[in-house]
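Single-structure report; data block below.
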Amino acid sequence: MASSEENEMYSKKQWEGCMEIAVQTARTAGQVIREAFKHEKEVSTKSSPVDLVTETDRLVEDLIISSLREKYPSHRFIGEESSAAGEKCLLTDSPTWIIDPIDGTCNFIHSFPMVAVSIGFAVNKELEFGVIYHCLDENLYTARKGHGAFCNGIQLQVSKETDMSKALILTEIGAKRDPATLKIFSGNMERLLKAQVHGIRVIGSATLALCQVASGAADAYYQFGLHCWDIAAAAVIIREAGGNVIDTSGGPLDLMSRRIVAAGTVEMAHYIAQEIQTITYERDDHNAN
Ligand code: IPD
């Protein structure tokens with residue numbers, strides 16, 4: 001009978017195979033998105049007038065999930081568009097694929113070239129690997145727990161900056177636009193600007209912004225209102241590049257909480273977590289039971 005260590009080794013090897021499939025699947029999805037990028041898009045709204053979806057988001061999610069499900073029928077799937085269509089967003093101990101078919105849908109609609117496919121994978125609620133494919137410049141970000149993070153095969157390393165007055169920070173706006181939310185959002189930016197950070201950028205794709213932190217091009221990222229499919233793959237990539245991914249309360253990251261601070265250094269992650277005020281969003285797993 002196999003020992004528990006042997007079983008664990010076997011599982012790890014299995015996840016390596018899953019990651020290879022994730023890479024192939026992300027590349028195939030990327031081709032579809034690249035082609036659709038050139039054409040007129042059919043746009044509709046989801047939870048708010050600025051929460052957008054196109055026929056390509058749905059098509060690509062179907063393509064990704066159906067091809068993975070065929071290979072891994074016992075695995076579970078969480079996808080942005082399936083969740084929007086009412087499927088439960090539930091993370092269990094089962095091997096689970098967490099998918100954003102097009103991260104940067106608003107960019108995609110406007111032909112603003114920051115658009116990615118994101119595929120994360122968790123087992124026992126632990127993130128095992130992440131694959132993010134920037135469809136237009138063809139940068140492929142990958143990381144597997146314990147094996148480092150890479151972009152097109154080149155190892156990634158986060159920034160070692162601890163001084164806020166030398167930091168380049170990224171954030172995203174989120175879908176809520178009521179006056180109280182906007183006041184907190186701008187107050188958070190104002191506090192960081194008063195700390196004399198070099199700059200704050202909003203690029204319209206949470207996953208690609210998080211990849212910039214992994215590659216050291218940005219020192220930190222924070223956001224309220226993103227989803228588990230924006231976080232899953234990127235969290236592994238940042239951790240494997242030597243970075244920190246925490247909850248905005250300063251505690252451990254909670255994949256379903258819709259909030260994140262990521263930074264190259266622990267100091268910067270905690271500084272930002274302390275400075276920013278919370279914007280409350282309904283958890284991703286609010287409908288899980
Ligand atoms: C969104 C984008 C956006 C961020 C949102 C995400 P989507 O993902 O990453 O920049 O502000 O929170 O949900 O809808 O383009 O997949």
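Ordering of the structure tokens sets the chain letters (A, B, ...); residue numbers start at 1 within each chain; ligands are numbered from 1 in the order shown.
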Per residue of chain A within 7 Å of ligand 1, record the nearest atom pair and its distance in Å to one decimal, counting only C-alpha atoms and all ligand atoms, with rows in chain order and ascending residue number, as JSON lines.
{"residue": "A:Asp51", "atom": "CA", "partner": "ligand 1", "partner_atom_place_in_ligand_line": "14 (O)", "distance": 6.4}
{"residue": "A:Leu52", "atom": "CA", "partner": "ligand 1", "partner_atom_place_in_ligand_line": "14 (O)", "distance": 6.5}
{"residue": "A:Asp100", "atom": "CA", "partner": "ligand 1", "partner_atom_place_in_ligand_line": "16 (O)", "distance": 5.9}
{"residue": "A:Ile102", "atom": "CA", "partner": "ligand 1", "partner_atom_place_in_ligand_line": "16 (O)", "distance": 5.3}
{"residue": "A:Asp103", "atom": "CA", "partner": "ligand 1", "partner_atom_place_in_ligand_line": "16 (O)", "distance": 3.6}
{"residue": "A:Gly104", "atom": "CA", "partner": "ligand 1", "partner_atom_place_in_ligand_line": "15 (O)", "distance": 3.4}
{"residue": "A:Thr105", "atom": "CA", "partner": "ligand 1", "partner_atom_place_in_ligand_line": "15 (O)", "distance": 3.8}
{"residue": "A:Cys106", "atom": "CA", "partner": "ligand 1", "partner_atom_place_in_ligand_line": "15 (O)", "distance": 5.9}
{"residue": "A:Glu172", "atom": "CA", "partner": "ligand 1", "partner_atom_place_in_ligand_line": "11 (O)", "distance": 4.3}
{"residue": "A:Ile173", "atom": "CA", "partner": "ligand 1", "partner_atom_place_in_ligand_line": "11 (O)", "distance": 5.0}
{"residue": "A:Gly174", "atom": "CA", "partner": "ligand 1", "partner_atom_place_in_ligand_line": "11 (O)", "distance": 4.1}
{"residue": "A:Ala175", "atom": "CA", "partner": "ligand 1", "partner_atom_place_in_ligand_line": "12 (O)", "distance": 6.6}
{"residue": "A:Ile203", "atom": "CA", "partner": "ligand 1", "partner_atom_place_in_ligand_line": "10 (O)", "distance": 6.8}
{"residue": "A:Gly204", "atom": "CA", "partner": "ligand 1", "partner_atom_place_in_ligand_line": "10 (O)", "distance": 3.7}
{"residue": "A:Ser205", "atom": "CA", "partner": "ligand 1", "partner_atom_place_in_ligand_line": "9 (O)", "distance": 3.7}
{"residue": "A:Ala206", "atom": "CA", "partner": "ligand 1", "partner_atom_place_in_ligand_line": "9 (O)", "distance": 3.7}
{"residue": "A:Thr207", "atom": "CA", "partner": "ligand 1", "partner_atom_place_in_ligand_line": "9 (O)", "distance": 6.2}
{"residue": "A:Gly225", "atom": "CA", "partner": "ligand 1", "partner_atom_place_in_ligand_line": "12 (O)", "distance": 5.2}
{"residue": "A:Leu226", "atom": "CA", "partner": "ligand 1", "partner_atom_place_in_ligand_line": "12 (O)", "distance": 3.5}
{"residue": "A:His227", "atom": "CA", "partner": "ligand 1", "partner_atom_place_in_ligand_line": "13 (O)", "distance": 5.8}
{"residue": "A:Asp230", "atom": "CA", "partner": "ligand 1", "partner_atom_place_in_ligand_line": "9 (O)", "distance": 6.3}
Same residues, N, CA and C atoms, output as an mmCIF file, in the first residue's frame:
data_model
loop_
_atom_site.group_PDB
_atom_site.id
_atom_site.type_symbol
_atom_site.label_atom_id
_atom_site.label_comp_id
_atom_site.auth_asym_id
_atom_site.auth_seq_id
_atom_site.Cartn_x
_atom_site.Cartn_y
_atom_site.Cartn_z
ATOM 1 N N ASP A 51 -20.695 46.576 -14.991
ATOM 2 C CA ASP A 51 -20.242 45.183 -14.887
ATOM 3 C C ASP A 51 -20.631 44.514 -16.209
ATOM 4 N N LEU A 52 -19.654 44.418 -17.124
ATOM 5 C CA LEU A 52 -19.975 44.088 -18.517
ATOM 6 C C LEU A 52 -19.600 42.659 -18.897
ATOM 7 N N ASP A 100 -11.232 32.848 -15.081
ATOM 8 C CA ASP A 100 -11.748 34.098 -15.654
ATOM 9 C C ASP A 100 -11.452 34.026 -17.152
ATOM 10 N N ILE A 102 -12.161 36.102 -19.703
ATOM 11 C CA ILE A 102 -11.549 37.358 -20.183
ATOM 12 C C ILE A 102 -11.463 38.279 -18.982
ATOM 13 N N ASP A 103 -10.269 38.469 -18.466
ATOM 14 C CA ASP A 103 -10.116 39.483 -17.415
ATOM 15 C C ASP A 103 -9.723 40.773 -18.110
ATOM 16 N N GLY A 104 -10.552 41.804 -17.878
ATOM 17 C CA GLY A 104 -10.374 43.046 -18.622
ATOM 18 C C GLY A 104 -11.450 43.127 -19.695
ATOM 19 N N THR A 105 -12.659 42.698 -19.343
ATOM 20 C CA THR A 105 -13.756 42.719 -20.333
ATOM 21 C C THR A 105 -14.008 44.128 -20.846
ATOM 22 N N CYS A 106 -13.972 45.108 -19.948
ATOM 23 C CA CYS A 106 -14.211 46.502 -20.373
ATOM 24 C C CYS A 106 -13.107 46.941 -21.360
ATOM 25 N N GLU A 172 -7.615 48.870 -8.856
ATOM 26 C CA GLU A 172 -8.732 48.856 -9.812
ATOM 27 C C GLU A 172 -9.946 49.443 -9.113
ATOM 28 N N ILE A 173 -10.924 49.883 -9.891
ATOM 29 C CA ILE A 173 -12.015 50.678 -9.324
ATOM 30 C C ILE A 173 -13.149 49.820 -8.772
ATOM 31 N N GLY A 174 -13.442 48.684 -9.387
ATOM 32 C CA GLY A 174 -14.570 47.865 -8.911
ATOM 33 C C GLY A 174 -15.881 48.370 -9.495
ATOM 34 N N ALA A 175 -16.955 47.597 -9.281
ATOM 35 C CA ALA A 175 -18.213 47.875 -9.989
ATOM 36 C C ALA A 175 -19.152 48.835 -9.252
ATOM 37 N N ILE A 203 -5.178 49.858 -14.684
ATOM 38 C CA ILE A 203 -5.012 49.395 -16.074
ATOM 39 C C ILE A 203 -6.206 48.607 -16.601
ATOM 40 N N GLY A 204 -7.181 48.319 -15.736
ATOM 41 C CA GLY A 204 -8.411 47.682 -16.215
ATOM 42 C C GLY A 204 -8.402 46.161 -16.248
ATOM 43 N N SER A 205 -7.351 45.565 -15.713
ATOM 44 C CA SER A 205 -7.323 44.095 -15.607
ATOM 45 C C SER A 205 -6.611 43.758 -14.304
ATOM 46 N N ALA A 206 -7.393 43.238 -13.337
ATOM 47 C CA ALA A 206 -6.813 42.928 -12.024
ATOM 48 C C ALA A 206 -5.696 41.890 -12.164
ATOM 49 N N THR A 207 -5.913 40.866 -13.014
ATOM 50 C CA THR A 207 -4.902 39.793 -13.100
ATOM 51 C C THR A 207 -3.597 40.322 -13.711
ATOM 52 N N GLY A 225 -13.594 44.472 -4.225
ATOM 53 C CA GLY A 225 -14.612 44.241 -5.258
ATOM 54 C C GLY A 225 -14.176 43.317 -6.363
ATOM 55 N N LEU A 226 -12.936 42.836 -6.334
ATOM 56 C CA LEU A 226 -12.570 41.843 -7.350
ATOM 57 C C LEU A 226 -13.112 40.477 -6.908
ATOM 58 N N HIS A 227 -12.890 39.454 -7.705
ATOM 59 C CA HIS A 227 -13.496 38.141 -7.437
ATOM 60 C C HIS A 227 -12.415 37.065 -7.321
ATOM 61 N N ASP A 230 -10.311 36.516 -10.226
ATOM 62 C CA ASP A 230 -9.273 37.528 -10.489
ATOM 63 C C ASP A 230 -8.041 37.284 -9.613
#
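Using only C-alpha atoms, the protein and nucleic acid residues lying no more than 7 Å from segment 156-169 of chain A, apart from those fewer than 4 places from it along its own chain, are Ala149, Phe150, Cys151, Ala195, Gln196, Val197, His198, Gly199, Ile200, Arg201, Val213, Ala214, Ser215, Gly216, Ala218, Asp219, Ala220, Tyr221, Ala241, Gly242, Gly243, Gly264, Thr265, Glu267 and Met268 of chain A.
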Practice item. Identify, with DSSP run on backbone atoms, the residues in segment 49-219 of chain A assigned to strand (DSSP E), and express the list as a PyMOL selection string. Key: chain A and resi 52-54+76-79+96-103+116-123+126-134+139-144+149-151+154-155+168-171+199-201
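Here atom CA of Lys41 of chain A is placed at a distance of 15.3 Å from atom CA of Pro101 of chain A.
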Practice item. Name the residues in contact with His270 of chain A at a cut-off of 10 Å, using only C-alpha atoms, excluding same-chain residues fewer than 5 positions from it; report them as an MDAnalysis selection string. Key: chainID A and resid 244 246:251 261:263 265 275
Check your understanding: If you count only C-alpha atoms, which residues fall within 12 Å of Glu61 of chain A, apart from same-chain ones fewer than 2 positions away, as a PyMOL selection string?
Key -> chain A and resi 25-26+28-30+32-33+53-59+63-69+77-85+97-103+117-119+229
**Study point:** Computed interatomic separation between atom CA of Asp285 of chain A and atom CA of Gly86 of chain A (Å)
**Key:** 11.6 Å
Picked from segment 15-180 of chain A by DSSP as helix (DSSP H, G or I), as a short mmCIF file (atom, residue, chain, number, x, y, z; two decimals) with C-alpha atoms, in the first residue's frame:
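Listing of states16.cif after writing:
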data_model
loop_
_atom_site.label_atom_id
_atom_site.label_comp_id
_atom_site.auth_asym_id
_atom_site.auth_seq_id
_atom_site.Cartn_x
_atom_site.Cartn_y
_atom_site.Cartn_z
CA TRP A 15 -1.13 18.66 -10.69
CA GLU A 16 1.95 19.25 -12.85
CA GLY A 17 0.07 17.53 -15.71
CA CYS A 18 -3.00 19.66 -15.00
CA MET A 19 -0.86 22.76 -15.23
CA GLU A 20 0.44 21.75 -18.67
CA ILE A 21 -3.17 21.35 -19.80
CA ALA A 22 -4.03 24.75 -18.27
CA VAL A 23 -1.26 26.36 -20.33
CA GLN A 24 -2.49 24.76 -23.57
CA THR A 25 -6.09 25.71 -22.76
CA ALA A 26 -5.17 29.34 -21.96
CA ARG A 27 -3.27 29.61 -25.26
CA THR A 28 -6.22 28.21 -27.23
CA ALA A 29 -8.62 30.59 -25.45
CA GLY A 30 -6.19 33.45 -26.12
CA GLN A 31 -6.34 32.78 -29.87
CA VAL A 32 -10.14 33.03 -29.82
CA ILE A 33 -9.98 36.30 -27.85
CA ARG A 34 -7.29 37.77 -30.14
CA GLU A 35 -9.46 37.10 -33.17
CA ALA A 36 -12.62 38.49 -31.51
CA PHE A 37 -10.69 41.58 -30.36
CA GLU A 55 -20.61 36.87 -26.14
CA THR A 56 -16.86 36.10 -26.26
CA ASP A 57 -16.59 35.92 -22.42
CA ARG A 58 -19.33 33.25 -22.42
CA LEU A 59 -18.00 31.39 -25.43
CA VAL A 60 -14.45 31.26 -24.06
CA GLU A 61 -15.60 30.14 -20.61
CA ASP A 62 -17.64 27.31 -22.22
CA LEU A 63 -14.66 26.34 -24.32
CA ILE A 64 -12.30 26.26 -21.32
CA ILE A 65 -14.64 24.43 -18.93
CA SER A 66 -15.89 21.87 -21.46
CA SER A 67 -12.37 20.92 -22.55
CA LEU A 68 -11.11 20.66 -18.92
CA ARG A 69 -14.22 18.76 -17.79
CA GLU A 70 -13.69 16.20 -20.54
CA LYS A 71 -10.18 15.53 -19.21
CA GLU A 80 -16.94 34.06 -13.83
CA GLU A 81 -19.75 33.65 -16.34
CA SER A 82 -21.15 30.41 -14.86
CA SER A 83 -21.34 32.21 -11.48
CA ALA A 84 -23.04 35.19 -13.10
CA THR A 105 -13.76 42.72 -20.33
CA CYS A 106 -14.21 46.50 -20.37
CA ASN A 107 -10.77 46.84 -22.01
CA PHE A 108 -11.74 44.14 -24.52
CA ILE A 109 -14.93 46.05 -25.42
CA HIS A 110 -12.97 49.27 -25.97
CA MET A 164 6.20 54.10 0.21
CA SER A 165 7.69 57.32 -1.11
CA LYS A 166 9.41 55.28 -3.82
CA PRO A 179 -21.30 58.27 -3.68
CA ALA A 180 -20.29 56.60 -0.37
#
Exercise for review: Write out as a PyMOL selection string the residues lying within 12 Å of Phe185 of chain A, counting only C-alpha atoms and excluding same-chain residues fewer than 2 positions away.
Suggested key: chain A and resi 171-183+187-192+222-225+275-280
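The two atoms in question, atom CA of Phe129 of chain A and atom CA of Ala143 of chain A, are spaced 5.5 Å apart.
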